[in-house]
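Single-structure report; data block below.
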Amino acid sequence: MAISAQVIGVVAFYMVAALVMVFVNKAVLNSTPNLPTLFMFFQSVMTVLLLNLTSLFTTHVKIPNFDKTTAYKLAPLILVDASGFIFNALCLRDVEAAFYQIARGLVLPLTITVVALSTMTRPSLAVVGCAAVVTVGFFLGISFSEGLPAQAIPAPLGLFYGFLSSLAIAVHAVLVKSSLPHVGGSSTMLSYWSNLGSAVLLGSLAFLKGEVFEFYGMINSGSWDWSVFLWGNLVTGVFGFLISIAGILSVKARETVTPSAPQPSKDVEAQTPLVQEKSSA
């Protein structure tokens, strides 16, 4: 009974977190469509700060010791994580919030494919069937009738960003498993490395794109309502942090209730929800 309650609690949290992250992020991106990279940078920084703060009160959250060797080993994960942040933001910016999950509808099929290729194992027929159903649903979802208004049809570029976002999530799911041994199997240490590295990359990119200067100019203009941007960063930063913590519970719950599941299926099941919601920025 306790196990069932834990599983239900984790799933319910992911559902709530997904809705909050999508709609709050959409509100911020609507108000500042020119600052997607800087927005993602602030979210990563917020998660890092909250992990540091939480580590002062509990031993369950561990802050890693920094060394070049570990950073080098985690570089692929950090690069993919930062890419996922950007593609998610660009996809959400260019499509309606209600269409966002459809635009990223290939997450599960791509994750199954990448896991199968990386482990050199063949997924079961049932898993392939589920992936096929999801793929058909994706193409049905992006097939629009001619009678729809133009504003209801997303631009092809938004769908392309959604595909890249899905691919980044799929690759990230595989890299998470291979990266955990480099941090002693600690999910919070891996989250810390990933968010800190993403913050460095996103901050640098925001500077190179000129978003930092645009942000500075908007602050000094006196006409910009910065409240949406501020509160959006606070809310999504907190939920991003909570998703990182909930990842520990989700993995433990799945390991308890699916001990005999085939390994590729368990990889997809355990990693996809965490990565997908963490990347829903």
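Please note that chains go A, B, ... in the order of the structure tokens, that every chain numbers its residues from 1, and that ligands are numbered from 1 in the order shown.
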Quiz item: Mind checking DSSP for range 1-230 of chain A and telling me the helix (DSSP H, G or I) residues as an NGL selection string?
Solution: :A and (2-31 or 36-55 or 68-94 or 97-103 or 107-119 or 125-141 or 150-152 or 156-183 or 187-209 or 211-221 or 227-230)
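In this structure, CA of Tyr161 in chain A sits 17.0 Å away from CA of Leu202 in chain A.
Restricting the calculation to only C-alpha atoms, the smallest distance between Leu117 in chain A and any of A:Met189, A:Val171, A:Leu29, A:Leu56 is found for A:Val171.
Nearest residue to Gly240 in chain A, choosing from A:Ser191, A:Thr70, A:Thr37, A:Thr32 and counting only C-alpha atoms: A:Ser191.
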Item to check | Ala89 in chain A surroundings by only C-alpha atoms, 8 Å radius, close-in-sequence under 2 positions cut, as a ChimeraX atom specification | outcome: /A:25,29,36-37,40,85-87,91-93,280-281
From the list A:Asn65, A:Thr47, A:Ser83, A:Ser124, the nearest residue to Leu201 in chain A using only C-alpha atoms is A:Ser83
Q) If you count only C-alpha atoms, which residues fall within 9 Å of Ser31 in chain A, apart from same-chain ones fewer than 3 positions away, as number ranges by chain? A) A: 26-28, 34, 225-226, 228-229
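For the atom pair formed by CA of Thr58 in chain A and CA of Ala82 in chain A, the distance is 27.7 Å, given to one decimal.
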*Within 9 Å of Ala206 in chain A, counting only C-alpha atoms, which residues show up once you throw out same-chain ones fewer than 2 positions away? Write them as a VMD selection string, please.*
chain A and resid 35 to 38 41 201 to 204 208 to 212
Self-check item: For Phe66 in chain A: contacts at 12 Å, only C-alpha atoms, fewer than 6 positions along chain excluded, given as a ChimeraX atom specification
Solution: /A:72,74,182-183,189-190,192-193,196-197
Keeping only all heavy atoms, write the selected residues to a file as an mmCIF file, in the first residue's frame.
```
data_model
loop_
_atom_site.group_PDB
_atom_site.id
_atom_site.type_symbol
_atom_site.label_atom_id
_atom_site.label_comp_id
_atom_site.auth_asym_id
_atom_site.auth_seq_id
_atom_site.Cartn_x
_atom_site.Cartn_y
_atom_site.Cartn_z
ATOM 1 N N TYR A 72 34.941 16.644 -17.793
ATOM 2 C CA TYR A 72 35.186 16.135 -19.149
ATOM 3 C C TYR A 72 34.282 14.935 -19.434
ATOM 4 O O TYR A 72 33.705 14.825 -20.520
ATOM 5 C CB TYR A 72 36.654 15.751 -19.295
ATOM 6 C CG TYR A 72 36.997 15.170 -20.646
ATOM 7 C CD1 TYR A 72 37.183 15.988 -21.758
ATOM 8 C CD2 TYR A 72 37.144 13.789 -20.806
ATOM 9 C CE1 TYR A 72 37.492 15.453 -22.998
ATOM 10 C CE2 TYR A 72 37.458 13.246 -22.041
ATOM 11 C CZ TYR A 72 37.631 14.082 -23.133
ATOM 12 O OH TYR A 72 37.931 13.543 -24.360
ATOM 13 N N LEU A 74 31.407 14.265 -18.120
ATOM 14 C CA LEU A 74 30.001 14.665 -18.149
ATOM 15 C C LEU A 74 29.697 15.672 -19.252
ATOM 16 O O LEU A 74 28.542 16.082 -19.405
ATOM 17 C CB LEU A 74 29.602 15.259 -16.798
ATOM 18 C CG LEU A 74 29.658 14.326 -15.588
ATOM 19 C CD1 LEU A 74 29.260 15.075 -14.325
ATOM 20 C CD2 LEU A 74 28.754 13.119 -15.794
ATOM 21 N N HIS A 182 29.887 8.268 -12.819
ATOM 22 C CA HIS A 182 30.917 9.298 -12.667
ATOM 23 C C HIS A 182 30.677 10.183 -11.444
ATOM 24 O O HIS A 182 31.577 10.924 -11.028
ATOM 25 C CB HIS A 182 30.977 10.176 -13.918
ATOM 26 C CG HIS A 182 31.259 9.417 -15.178
ATOM 27 N ND1 HIS A 182 32.212 8.437 -15.249
ATOM 28 C CD2 HIS A 182 30.705 9.493 -16.420
ATOM 29 C CE1 HIS A 182 32.252 7.936 -16.472
ATOM 30 N NE2 HIS A 182 31.345 8.555 -17.198
ATOM 31 N N VAL A 183 29.464 10.113 -10.886
ATOM 32 C CA VAL A 183 29.144 10.900 -9.686
ATOM 33 C C VAL A 183 28.724 9.982 -8.544
ATOM 34 O O VAL A 183 27.954 10.376 -7.675
ATOM 35 C CB VAL A 183 28.035 11.941 -9.978
ATOM 36 C CG1 VAL A 183 28.559 13.035 -10.896
ATOM 37 C CG2 VAL A 183 26.804 11.279 -10.589
ATOM 38 N N MET A 189 23.757 14.917 -7.383
ATOM 39 C CA MET A 189 25.053 15.395 -7.860
ATOM 40 C C MET A 189 25.071 15.514 -9.370
ATOM 41 O O MET A 189 25.624 16.473 -9.928
ATOM 42 C CB MET A 189 26.168 14.458 -7.369
ATOM 43 C CG MET A 189 26.441 14.533 -5.886
ATOM 44 S SD MET A 189 27.699 13.351 -5.322
ATOM 45 C CE MET A 189 29.153 13.993 -6.141
ATOM 46 N N LEU A 190 24.446 14.566 -10.041
ATOM 47 C CA LEU A 190 24.370 14.634 -11.498
ATOM 48 C C LEU A 190 23.515 15.815 -11.931
ATOM 49 O O LEU A 190 23.853 16.520 -12.895
ATOM 50 C CB LEU A 190 23.785 13.337 -12.059
ATOM 51 C CG LEU A 190 23.792 13.221 -13.583
ATOM 52 C CD1 LEU A 190 25.217 13.246 -14.111
ATOM 53 C CD2 LEU A 190 23.085 11.941 -14.020
ATOM 54 N N TYR A 192 23.141 18.536 -10.271
ATOM 55 C CA TYR A 192 23.929 19.739 -9.986
ATOM 56 C C TYR A 192 24.922 20.009 -11.109
ATOM 57 O O TYR A 192 25.018 21.125 -11.624
ATOM 58 C CB TYR A 192 24.665 19.577 -8.658
ATOM 59 C CG TYR A 192 25.268 20.859 -8.130
ATOM 60 C CD1 TYR A 192 24.560 21.644 -7.231
ATOM 61 C CD2 TYR A 192 26.534 21.277 -8.529
ATOM 62 C CE1 TYR A 192 25.105 22.816 -6.730
ATOM 63 C CE2 TYR A 192 27.085 22.454 -8.043
ATOM 64 C CZ TYR A 192 26.370 23.220 -7.147
ATOM 65 O OH TYR A 192 26.909 24.389 -6.673
ATOM 66 N N TRP A 193 25.681 18.989 -11.479
ATOM 67 C CA TRP A 193 26.633 19.124 -12.581
ATOM 68 C C TRP A 193 25.928 19.555 -13.861
ATOM 69 O O TRP A 193 26.398 20.461 -14.577
ATOM 70 C CB TRP A 193 27.341 17.795 -12.828
ATOM 71 C CG TRP A 193 28.605 17.586 -12.060
ATOM 72 C CD1 TRP A 193 28.791 16.771 -10.982
ATOM 73 C CD2 TRP A 193 29.877 18.178 -12.321
ATOM 74 N NE1 TRP A 193 30.092 16.815 -10.548
ATOM 75 C CE2 TRP A 193 30.791 17.673 -11.359
ATOM 76 C CE3 TRP A 193 30.347 19.086 -13.268
ATOM 77 C CZ2 TRP A 193 32.127 18.043 -11.324
ATOM 78 C CZ3 TRP A 193 31.691 19.455 -13.228
ATOM 79 C CH2 TRP A 193 32.562 18.939 -12.275
ATOM 80 N N LEU A 196 24.534 23.197 -13.580
ATOM 81 C CA LEU A 196 25.625 24.165 -13.535
ATOM 82 C C LEU A 196 26.308 24.289 -14.896
ATOM 83 O O LEU A 196 26.579 25.397 -15.378
ATOM 84 C CB LEU A 196 26.646 23.752 -12.474
ATOM 85 C CG LEU A 196 27.816 24.717 -12.269
ATOM 86 C CD1 LEU A 196 27.321 26.084 -11.803
ATOM 87 C CD2 LEU A 196 28.815 24.136 -11.265
ATOM 88 N N GLY A 197 26.561 23.151 -15.520
ATOM 89 C CA GLY A 197 27.163 23.179 -16.849
ATOM 90 C C GLY A 197 26.259 23.834 -17.871
ATOM 91 O O GLY A 197 26.712 24.617 -18.729
#
```
One decimal place gives the CA of Glu96 in chain A-CA of Asn195 in chain A separation as 26.6 Å
